[in-house]
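Listing of entry_37.pdb; format and content: PDB, C-alpha atoms, pLDDT in the B column.
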ATOM      1  CA  MET A   1      64.925 116.658 113.160  1.00 49.00           C
ATOM      2  CA  LYS A   2      68.062 116.680 115.352  1.00 47.00           C
ATOM      3  CA  MET A   3      68.884 113.120 114.276  1.00 45.00           C
ATOM      4  CA  SER A   4      68.427 114.109 110.627  1.00 49.00           C
ATOM      5  CA  LEU A   5      70.774 117.078 111.007  1.00 47.00           C
ATOM      6  CA  SER A   6      73.288 114.906 112.824  1.00 52.00           C
ATOM      7  CA  LEU A   7      73.184 112.327 110.020  1.00 48.00           C
ATOM      8  CA  ARG A   8      73.668 115.022 107.409  1.00 55.00           C
ATOM      9  CA  SER A   9      76.619 116.416 109.354  1.00 52.00           C
ATOM     10  CA  LEU A  10      78.232 112.989 109.522  1.00 47.00           C
ATOM     11  CA  LYS A  11      77.745 112.465 105.790  1.00 49.00           C
ATOM     12  CA  ALA A  12      79.183 115.901 105.045  1.00 50.00           C
ATOM     13  CA  GLY A  13      82.163 115.235 107.308  1.00 51.00           C
ATOM     14  CA  ALA A  14      82.814 111.872 105.665  1.00 50.00           C
ATOM     15  CA  LEU A  15      82.613 113.447 102.203  1.00 51.00           C
ATOM     16  CA  LEU A  16      85.104 116.154 103.155  1.00 50.00           C
ATOM     17  CA  ALA A  17      87.463 113.548 104.614  1.00 51.00           C
ATOM     18  CA  CYS A  18      87.312 111.499 101.393  1.00 50.00           C
ATOM     19  CA  LEU A  19      87.969 114.593  99.283  1.00 46.00           C
ATOM     20  CA  ALA A  20      90.954 115.482 101.463  1.00 49.00           C
ATOM     21  CA  ILE A  21      92.405 111.973 101.042  1.00 50.00           C
ATOM     22  CA  LEU A  22      91.889 112.071  97.287  1.00 47.00           C
ATOM     23  CA  ALA A  23      93.502 115.498  97.070  1.00 47.00           C
ATOM     24  CA  GLY A  24      96.495 114.233  99.011  1.00 49.00           C
ATOM     25  CA  CYS A  25      96.867 111.244  96.689  1.00 51.00           C
ATOM     26  CA  ALA A  26      96.573 113.373  93.581  1.00 50.00           C
ATOM     27  CA  THR A  27      99.384 115.736  94.612  1.00 53.00           C
ATOM     28  CA  PRO A  28     102.828 114.063  94.636  1.00 56.00           C
ATOM     29  CA  LYS A  29     104.976 114.952  97.615  1.00 72.00           C
ATOM     30  CA  SER A  30     107.771 117.352  96.731  1.00 83.00           C
ATOM     31  CA  TYR A  31     111.321 116.367  97.575  1.00 91.00           C
ATOM     32  CA  ASP A  32     113.047 118.422 100.267  1.00 94.00           C
ATOM     33  CA  TYR A  33     116.109 119.934  98.574  1.00 96.00           C
ATOM     34  CA  THR A  34     117.338 121.902 101.593  1.00 96.00           C
ATOM     35  CA  ALA A  35     120.509 119.833 102.073  1.00 97.00           C
ATOM     36  CA  PHE A  36     121.125 119.726  98.311  1.00 97.00           C
ATOM     37  CA  LEU A  37     120.932 123.517  97.970  1.00 96.00           C
ATOM     38  CA  GLU A  38     123.204 124.017 100.978  1.00 97.00           C
ATOM     39  CA  SER A  39     125.788 121.550  99.636  1.00 97.00           C
ATOM     40  CA  LYS A  40     125.890 122.845  96.027  1.00 96.00           C
ATOM     41  CA  PRO A  41     127.838 119.815  94.705  1.00 97.00           C
ATOM     42  CA  ALA A  42     129.819 120.400  91.515  1.00 97.00           C
ATOM     43  CA  SER A  43     131.498 117.001  91.123  1.00 98.00           C
ATOM     44  CA  ILE A  44     130.140 113.474  91.567  1.00 98.00           C
ATOM     45  CA  LEU A  45     131.939 110.215  92.271  1.00 98.00           C
ATOM     46  CA  VAL A  46     129.762 107.358  91.002  1.00 98.00           C
ATOM     47  CA  LEU A  47     130.390 104.016  92.687  1.00 98.00           C
ATOM     48  CA  PRO A  48     129.834 100.706  90.849  1.00 97.00           C
ATOM     49  CA  PRO A  49     126.150  99.758  91.251  1.00 98.00           C
ATOM     50  CA  VAL A  50     125.253  96.986  93.661  1.00 98.00           C
ATOM     51  CA  ASN A  51     123.459  94.313  91.643  1.00 97.00           C
ATOM     52  CA  GLN A  52     120.409  92.779  93.303  1.00 96.00           C
ATOM     53  CA  SER A  53     119.148  91.138  90.099  1.00 95.00           C
ATOM     54  CA  PRO A  54     120.014  87.622  88.862  1.00 93.00           C
ATOM     55  CA  ASP A  55     121.839  88.958  85.778  1.00 93.00           C
ATOM     56  CA  VAL A  56     125.585  89.377  86.311  1.00 93.00           C
ATOM     57  CA  LYS A  57     125.785  91.988  83.535  1.00 93.00           C
ATOM     58  CA  ALA A  58     123.456  94.406  85.289  1.00 95.00           C
ATOM     59  CA  SER A  59     125.956  96.393  87.345  1.00 97.00           C
ATOM     60  CA  TYR A  60     128.416  97.349  84.617  1.00 96.00           C
ATOM     61  CA  SER A  61     125.697  97.758  81.996  1.00 96.00           C
ATOM     62  CA  LEU A  62     124.175 100.555  84.071  1.00 97.00           C
ATOM     63  CA  TYR A  63     127.552 101.853  85.276  1.00 97.00           C
ATOM     64  CA  SER A  64     128.727 102.461  81.721  1.00 96.00           C
ATOM     65  CA  GLN A  65     125.741 104.742  81.054  1.00 97.00           C
ATOM     66  CA  VAL A  66     125.595 107.058  84.068  1.00 97.00           C
ATOM     67  CA  THR A  67     128.141 109.658  82.959  1.00 97.00           C
ATOM     68  CA  LEU A  68     126.122 111.146  80.082  1.00 97.00           C
ATOM     69  CA  PRO A  69     122.951 112.202  81.973  1.00 97.00           C
ATOM     70  CA  LEU A  70     124.956 113.523  84.939  1.00 98.00           C
ATOM     71  CA  SER A  71     127.304 115.480  82.683  1.00 97.00           C
ATOM     72  CA  GLU A  72     124.383 116.938  80.754  1.00 96.00           C
ATOM     73  CA  ALA A  73     122.834 117.866  84.104  1.00 97.00           C
ATOM     74  CA  GLY A  74     125.851 120.086  84.734  1.00 97.00           C
ATOM     75  CA  TYR A  75     128.185 118.017  86.922  1.00 98.00           C
ATOM     76  CA  TYR A  76     131.772 116.876  86.586  1.00 98.00           C
ATOM     77  CA  VAL A  77     131.699 113.086  86.847  1.00 98.00           C
ATOM     78  CA  MET A  78     134.821 111.257  87.939  1.00 97.00           C
ATOM     79  CA  PRO A  79     135.746 108.880  85.047  1.00 97.00           C
ATOM     80  CA  VAL A  80     134.031 105.627  85.972  1.00 97.00           C
ATOM     81  CA  GLY A  81     136.710 103.447  84.347  1.00 96.00           C
ATOM     82  CA  VAL A  82     139.463 105.117  86.385  1.00 96.00           C
ATOM     83  CA  VAL A  83     137.356 104.946  89.543  1.00 97.00           C
ATOM     84  CA  ASP A  84     136.639 101.229  89.098  1.00 96.00           C
ATOM     85  CA  GLU A  85     140.295 100.431  88.406  1.00 96.00           C
ATOM     86  CA  THR A  86     141.403 102.449  91.439  1.00 96.00           C
ATOM     87  CA  PHE A  87     139.212 100.346  93.699  1.00 96.00           C
ATOM     88  CA  LYS A  88     140.464  97.109  92.169  1.00 95.00           C
ATOM     89  CA  GLN A  89     144.099  98.178  92.573  1.00 94.00           C
ATOM     90  CA  ASN A  90     143.332  98.678  96.259  1.00 92.00           C
ATOM     91  CA  GLY A  91     141.775  95.231  96.692  1.00 94.00           C
ATOM     92  CA  LEU A  92     138.111  96.223  96.450  1.00 94.00           C
ATOM     93  CA  MET A  93     136.934  93.826  93.761  1.00 93.00           C
ATOM     94  CA  ASN A  94     133.152  94.165  93.896  1.00 94.00           C
ATOM     95  CA  ALA A  95     130.487  96.814  94.435  1.00 96.00           C
ATOM     96  CA  GLU A  96     129.534  95.569  97.898  1.00 96.00           C
ATOM     97  CA  GLU A  97     133.095  96.017  99.177  1.00 95.00           C
ATOM     98  CA  VAL A  98     133.358  99.447  97.576  1.00 97.00           C
ATOM     99  CA  ARG A  99     130.172 100.578  99.282  1.00 96.00           C
ATOM    100  CA  ASP A 100     131.705  99.913 102.691  1.00 95.00           C
ATOM    101  CA  ALA A 101     134.244 102.707 102.158  1.00 94.00           C
ATOM    102  CA  SER A 102     133.462 105.755 104.297  1.00 94.00           C
ATOM    103  CA  PRO A 103     132.538 109.106 102.713  1.00 94.00           C
ATOM    104  CA  GLN A 104     135.574 110.680 104.388  1.00 93.00           C
ATOM    105  CA  LYS A 105     137.932 108.129 102.816  1.00 94.00           C
ATOM    106  CA  LEU A 106     136.329 108.540  99.388  1.00 96.00           C
ATOM    107  CA  HIS A 107     136.695 112.313  99.629  1.00 96.00           C
ATOM    108  CA  GLU A 108     140.320 111.936 100.639  1.00 95.00           C
ATOM    109  CA  ILE A 109     141.131 109.671  97.663  1.00 94.00           C
ATOM    110  CA  PHE A 110     139.065 111.259  94.876  1.00 96.00           C
ATOM    111  CA  GLY A 111     138.421 114.819  96.067  1.00 96.00           C
ATOM    112  CA  ALA A 112     134.842 114.874  94.725  1.00 97.00           C
ATOM    113  CA  ASP A 113     132.092 116.892  96.405  1.00 97.00           C
ATOM    114  CA  SER A 114     129.565 114.064  96.434  1.00 98.00           C
ATOM    115  CA  VAL A 115     129.151 110.340  95.879  1.00 98.00           C
ATOM    116  CA  LEU A 116     126.358 108.527  94.059  1.00 98.00           C
ATOM    117  CA  TYR A 117     125.313 105.098  95.341  1.00 98.00           C
ATOM    118  CA  LEU A 118     123.386 102.949  92.846  1.00 98.00           C
ATOM    119  CA  ASP A 119     121.369  99.738  93.166  1.00 98.00           C
ATOM    120  CA  VAL A 120     120.031  97.633  90.290  1.00 98.00           C
ATOM    121  CA  THR A 121     116.981  95.730  91.519  1.00 96.00           C
ATOM    122  CA  GLU A 122     115.655  94.482  88.178  1.00 96.00           C
ATOM    123  CA  TYR A 123     117.487  93.704  84.949  1.00 95.00           C
ATOM    124  CA  GLY A 124     116.798  91.568  81.904  1.00 86.00           C
ATOM    125  CA  SER A 125     113.994  89.752  80.164  1.00 73.00           C
ATOM    126  CA  SER A 126     111.063  87.868  81.587  1.00 58.00           C
ATOM    127  CA  TYR A 127     108.576  85.618  79.792  1.00 50.00           C
ATOM    128  CA  LYS A 128     105.025  85.819  81.114  1.00 53.00           C
ATOM    129  CA  ILE A 129     103.080  83.343  78.933  1.00 46.00           C
ATOM    130  CA  ILE A 130     101.336  85.962  76.790  1.00 45.00           C
ATOM    131  CA  SER A 131     103.963  88.692  76.990  1.00 54.00           C
ATOM    132  CA  SER A 132     107.690  89.182  77.167  1.00 68.00           C
ATOM    133  CA  GLU A 133     109.537  92.258  78.350  1.00 85.00           C
ATOM    134  CA  VAL A 134     112.990  93.525  79.162  1.00 90.00           C
ATOM    135  CA  ALA A 135     112.980  95.781  82.214  1.00 93.00           C
ATOM    136  CA  VAL A 136     115.581  97.613  84.264  1.00 96.00           C
ATOM    137  CA  THR A 137     114.900  99.211  87.641  1.00 97.00           C
ATOM    138  CA  ALA A 138     117.491 101.196  89.557  1.00 98.00           C
ATOM    139  CA  SER A 139     117.649 103.453  92.596  1.00 98.00           C
ATOM    140  CA  ALA A 140     120.192 106.090  93.600  1.00 98.00           C
ATOM    141  CA  LYS A 141     121.357 108.096  96.607  1.00 98.00           C
ATOM    142  CA  LEU A 142     123.519 111.205  96.394  1.00 98.00           C
ATOM    143  CA  VAL A 143     125.592 111.893  99.523  1.00 98.00           C
ATOM    144  CA  ASP A 144     127.828 114.859 100.368  1.00 97.00           C
ATOM    145  CA  LEU A 145     131.380 113.529 100.816  1.00 97.00           C
ATOM    146  CA  ARG A 146     132.330 116.494 102.989  1.00 95.00           C
ATOM    147  CA  THR A 147     129.536 116.139 105.552  1.00 95.00           C
ATOM    148  CA  GLY A 148     128.057 112.682 104.947  1.00 95.00           C
ATOM    149  CA  LYS A 149     124.562 114.182 104.525  1.00 96.00           C
ATOM    150  CA  LEU A 150     122.021 112.651 102.173  1.00 98.00           C
ATOM    151  CA  LEU A 151     121.341 115.183  99.418  1.00 98.00           C
ATOM    152  CA  TRP A 152     118.903 113.297  97.182  1.00 98.00           C
ATOM    153  CA  GLU A 153     117.486 109.867  96.431  1.00 97.00           C
ATOM    154  CA  GLY A 154     115.257 108.487  93.714  1.00 96.00           C
ATOM    155  CA  SER A 155     114.414 105.512  91.524  1.00 97.00           C
ATOM    156  CA  ALA A 156     113.427 104.816  87.922  1.00 97.00           C
ATOM    157  CA  ARG A 157     112.262 101.953  85.726  1.00 96.00           C
ATOM    158  CA  ALA A 158     112.177 101.400  81.971  1.00 95.00           C
ATOM    159  CA  SER A 159     110.697  98.502  80.058  1.00 92.00           C
ATOM    160  CA  SER A 160     110.471  97.323  76.470  1.00 87.00           C
ATOM    161  CA  ALA A 161     106.764  96.758  77.110  1.00 83.00           C
ATOM    162  CA  GLU A 162     106.262 100.536  76.969  1.00 83.00           C
ATOM    163  CA  GLN A 163     106.814 100.368  73.212  1.00 65.00           C
ATOM    164  CA  GLN A 164     104.842  97.212  72.525  1.00 58.00           C
ATOM    165  CA  GLN A 165     101.402  97.430  70.918  1.00 52.00           C
ATOM    166  CA  ASN A 166      98.437  95.225  71.668  1.00 46.00           C
ATOM    167  CA  ASN A 167      98.281  92.192  69.419  1.00 47.00           C
ATOM    168  CA  SER A 168      94.959  91.504  67.728  1.00 46.00           C
ATOM    169  CA  GLY A 169      95.767  87.960  66.580  1.00 46.00           C
ATOM    170  CA  GLY A 170      94.055  86.239  69.467  1.00 47.00           C
ATOM    171  CA  LEU A 171      95.648  84.095  72.173  1.00 45.00           C
ATOM    172  CA  VAL A 172      97.760  82.031  69.757  1.00 44.00           C
ATOM    173  CA  GLY A 173      99.079  85.182  68.117  1.00 41.00           C
ATOM    174  CA  MET A 174      99.917  86.698  71.509  1.00 44.00           C
ATOM    175  CA  LEU A 175     101.805  83.554  72.511  1.00 43.00           C
ATOM    176  CA  ILE A 176     103.832  83.575  69.289  1.00 41.00           C
ATOM    177  CA  VAL A 177     104.667  87.279  69.617  1.00 43.00           C
ATOM    178  CA  ALA A 178     105.716  86.785  73.243  1.00 46.00           C
ATOM    179  CA  LEU A 179     107.965  83.859  72.309  1.00 45.00           C
ATOM    180  CA  VAL A 180     109.572  85.775  69.432  1.00 43.00           C
ATOM    181  CA  ASP A 181     110.104  88.811  71.671  1.00 49.00           C
ATOM    182  CA  GLN A 182     111.760  86.608  74.277  1.00 50.00           C
ATOM    183  CA  VAL A 183     114.204  85.175  71.732  1.00 45.00           C
ATOM    184  CA  VAL A 184     115.003  88.593  70.250  1.00 45.00           C
ATOM    185  CA  ASN A 185     115.455  90.169  73.684  1.00 45.00           C
ATOM    186  CA  THR A 186     117.826  87.395  74.751  1.00 50.00           C
ATOM    187  CA  LEU A 187     119.931  87.402  71.592  1.00 40.00           C
ATOM    188  CA  SER A 188     120.141  91.170  71.197  1.00 45.00           C
ATOM    189  CA  GLU A 189     121.147  91.972  74.795  1.00 76.00           C
ATOM    190  CA  ARG A 190     118.377  94.526  74.874  1.00 85.00           C
ATOM    191  CA  GLY A 191     118.842  94.938  78.612  1.00 90.00           C
ATOM    192  CA  HIS A 192     121.770  97.276  77.937  1.00 93.00           C
ATOM    193  CA  GLU A 193     119.572  99.514  75.792  1.00 92.00           C
ATOM    194  CA  ILE A 194     116.838  99.617  78.429  1.00 94.00           C
ATOM    195  CA  ALA A 195     119.447 100.316  81.127  1.00 96.00           C
ATOM    196  CA  GLY A 196     120.388 103.454  79.205  1.00 96.00           C
ATOM    197  CA  ILE A 197     116.788 104.657  79.314  1.00 95.00           C
ATOM    198  CA  THR A 198     116.576 103.912  83.034  1.00 97.00           C
ATOM    199  CA  SER A 199     119.808 105.796  83.649  1.00 97.00           C
ATOM    200  CA  ALA A 200     118.519 108.841  81.751  1.00 96.00           C
ATOM    201  CA  ARG A 201     115.253 108.842  83.677  1.00 96.00           C
ATOM    202  CA  LEU A 202     116.994 108.451  87.003  1.00 97.00           C
ATOM    203  CA  LEU A 203     119.900 110.856  86.632  1.00 97.00           C
ATOM    204  CA  SER A 204     118.896 113.563  84.169  1.00 96.00           C
ATOM    205  CA  SER A 205     118.341 117.006  85.656  1.00 93.00           C
ATOM    206  CA  ASN A 206     114.762 117.290  86.885  1.00 87.00           C
ATOM    207  CA  PRO A 207     113.603 119.866  89.448  1.00 80.00           C
ATOM    208  CA  HIS A 208     110.503 117.750  90.163  1.00 84.00           C
ATOM    209  CA  ASN A 209     111.919 115.210  92.638  1.00 90.00           C
ATOM    210  CA  GLY A 210     114.982 114.515  90.449  1.00 94.00           C
ATOM    211  CA  ILE A 211     118.583 115.694  90.604  1.00 96.00           C
ATOM    212  CA  LEU A 212     118.854 119.471  90.475  1.00 96.00           C
ATOM    213  CA  PRO A 213     120.883 121.144  87.711  1.00 96.00           C
ATOM    214  CA  GLY A 214     124.602 121.412  88.476  1.00 96.00           C
ATOM    215  CA  PRO A 215     126.863 124.467  88.079  1.00 95.00           C
ATOM    216  CA  ARG A 216     127.745 123.555  84.489  1.00 92.00           C
ATOM    217  CA  ALA A 217     124.142 123.016  83.363  1.00 89.00           C
ATOM    218  CA  ARG A 218     122.770 124.703  80.268  1.00 76.00           C
ATOM    219  CA  PRO A 219     120.237 127.494  80.943  1.00 70.00           C
ATOM    220  CA  ASP A 220     117.359 125.249  79.814  1.00 63.00           C
ATOM    221  CA  ALA A 221     118.389 122.279  82.023  1.00 54.00           C
ATOM    222  CA  ALA A 222     116.062 123.222  84.892  1.00 51.00           C
ATOM    223  CA  ARG A 223     112.911 123.113  82.760  1.00 47.00           C
TER     224      ARG A 223
END
As structure tokens, please, write out the structure in this file.
Amino acid sequence: MKMSLSLRSLKAGALLACLAILAGCATPKSYDYTAFLESKPASILVLPPVNQSPDVKASYSLYSQVTLPLSEAGYYVMPVGVVDETFKQNGLMNAEEVRDASPQKLHEIFGADSVLYLDVTEYGSSYKIISSEVAVTASAKLVDLRTGKLLWEGSARASSAEQQQNNSGGLVGMLIVALVDQVVNTLSERGHEIAGITSARLLSSNPHNGILPGPRARPDAAR
């Protein structure tokens, strides 16, 4: 009888442990916004993204589309064209060199409250025998230029495959569709379009692990 009770207790304990693990997996961890709320940034200096993908167009394709979501989130964004030209006039010709500049120096030159560091880790089309997609993945870190503290970080991905429907024409039909998609994606520079979606997902105001609404945000921006 004691052994039976002991076995039942072990089974019950194991079941509770499994339920606890599943509950932890089901609930996404909330981002700690303590530093963000203390900083209250109103202006953002966006640095040229560091490109870790094979496509040379990736950095400026994303860079040209970051102002809109940040502005709609309620922040003043330093004009990216002026920022990029300022760096070049001072001998910093690529994103890697720009990133080496200290927060204190950036604050001294531009006067912004915060700086946004961007990385593009995936950009462009890929052909996978029975499918073809254009995907863009990017990550970001927002740092207070006055204190050097990390305020927020996140990542986002968008892909043309999200809009593709399953093909019912068999293997040959799937191969043809994939080949056609690859040609269209290459000729139409669809990566730039997908980069815009990635930028919106990454930088739009989102109180659930995204960037918080800025001081100029519309009343409905925090929803």
So that I can see what lies close to A:Tyr76, please list as a compact mmCIF listing (two decimals) with C-alpha atoms, in the frame of the given file the residues with an atom at most 9 Å from it, counting all atoms listed in the file and leaving out residues fewer than 3 positions away in the same chain.
# COMPACT_ATOMS: atom_id res chain seq x y z
CA ALA A 42 129.82 120.40 91.52
CA SER A 43 131.50 117.00 91.12
CA ILE A 44 130.14 113.47 91.57
CA LEU A 45 131.94 110.22 92.27
CA THR A 67 128.14 109.66 82.96
CA LEU A 70 124.96 113.52 84.94
CA SER A 71 127.30 115.48 82.68
CA ALA A 112 134.84 114.87 94.72
CA GLY A 214 124.60 121.41 88.48
CA ARG A 216 127.74 123.56 84.49
For atom CA of A:Glu108 and atom CA of A:Phe87, the interatomic separation in Å (one decimal):
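These two atoms are separated by 13.6 Å.
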To one decimal in Å, tell me the separation between atom CA of A:Lys29 and atom CA of A:Asn51.
28.3 Å
Reference answer for the PyMOL selection byres ((chain A and resi 203-209) around 8), as a list in words:
Ser30, Tyr31, Val66, Pro69, Leu70, Glu72, Ala73, Gly154, Ser199, Ala200, Arg201, Leu202, Gly210, Ile211, Leu212, Pro213, Ala221, Ala222 and Arg223 of chain A
Non-local contacts of A:Asp32 (9 Å; all atoms listed in the file; under 2 positions in same chain excluded) as a PDB file with C-alpha atoms, in the coordinates of the input:
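Printed below is part_39.pdb as written:
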ATOM      1  CA  SER A  30     107.771 117.352  96.731  1.00 83.00           C
ATOM      2  CA  THR A  34     117.338 121.902 101.593  1.00 96.00           C
ATOM      3  CA  ALA A  35     120.509 119.833 102.073  1.00 97.00           C
ATOM      4  CA  PHE A  36     121.125 119.726  98.311  1.00 97.00           C
ATOM      5  CA  LEU A 151     121.341 115.183  99.418  1.00 98.00           C
ATOM      6  CA  TRP A 152     118.903 113.297  97.182  1.00 98.00           C
ATOM      7  CA  ASN A 209     111.919 115.210  92.638  1.00 90.00           C
TER       8      ASN A 209
END
Result set, the PyMOL selection byres ((chain A and resi 159) around 10) on current file, as a ChimeraX atom specification
/A:123-125,133-137,157-158,160-164,191,193-195,197-198
Non-local contacts of A:Val46 (8 Å; only C-alpha atoms; under 4 positions in same chain excluded) as a PDB file with C-alpha atoms, keeping the file's coordinate frame:
ATOM      1  CA  VAL A  77     131.699 113.086  86.847  1.00 98.00           C
ATOM      2  CA  MET A  78     134.821 111.257  87.939  1.00 97.00           C
ATOM      3  CA  VAL A  80     134.031 105.627  85.972  1.00 97.00           C
ATOM      4  CA  VAL A 115     129.151 110.340  95.879  1.00 98.00           C
ATOM      5  CA  LEU A 116     126.358 108.527  94.059  1.00 98.00           C
ATOM      6  CA  TYR A 117     125.313 105.098  95.341  1.00 98.00           C
ATOM      7  CA  LEU A 118     123.386 102.949  92.846  1.00 98.00           C
TER       8      LEU A 118
END
In terms of the shortest atom-to-atom distance over only C-alpha atoms, which of A:Ser64, A:Leu106, A:Pro48, A:Lys57 is closest to A:Met93?
A:Pro48
One decimal, in Å: what's the spacing between atom CA of A:Ser114 and atom CA of A:Ala58?
23.4 Å
Take the point (124.0, 92.8, 95.6) as written in the file and pick out every residue within 10 Å of it, counting only C-alpha atoms; give the list as a list in words.
Pro49, Val50, Asn51, Gln52, Ser53, Pro54, Ser59, Asn94, Ala95, Glu96, Asp119, Val120 and Thr121 of chain A
Kindly list the centre and edge lengths in Å, rounded to one decimal, for the axis-aligned box that covers all listed atoms of stretch 192-199 of chain A plus 5 Å on each of its six sides, as lines of an AutoDock Vina configuration file.
center_x = 119.2
center_y = 101.5
center_z = 79.7
size_x = 15.2
size_y = 18.5
size_z = 17.9
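Look at everything within 9 Å of (133.1, 114.9, 102.7) using only C-alpha atoms, and the residues you get are A:Pro103, A:Gln104, A:Lys105, A:Leu106, A:His107, A:Glu108, A:Gly111, A:Ala112, A:Asp113, A:Ser114, A:Val143, A:Asp144, A:Leu145, A:Arg146, A:Thr147, A:Gly148, A:Lys149.
Counting all atoms listed in the file and comparing A:Lys40, A:Asp100, A:Thr86, A:Tyr33, the residue that lies closest to A:Pro215 is A:Lys40.
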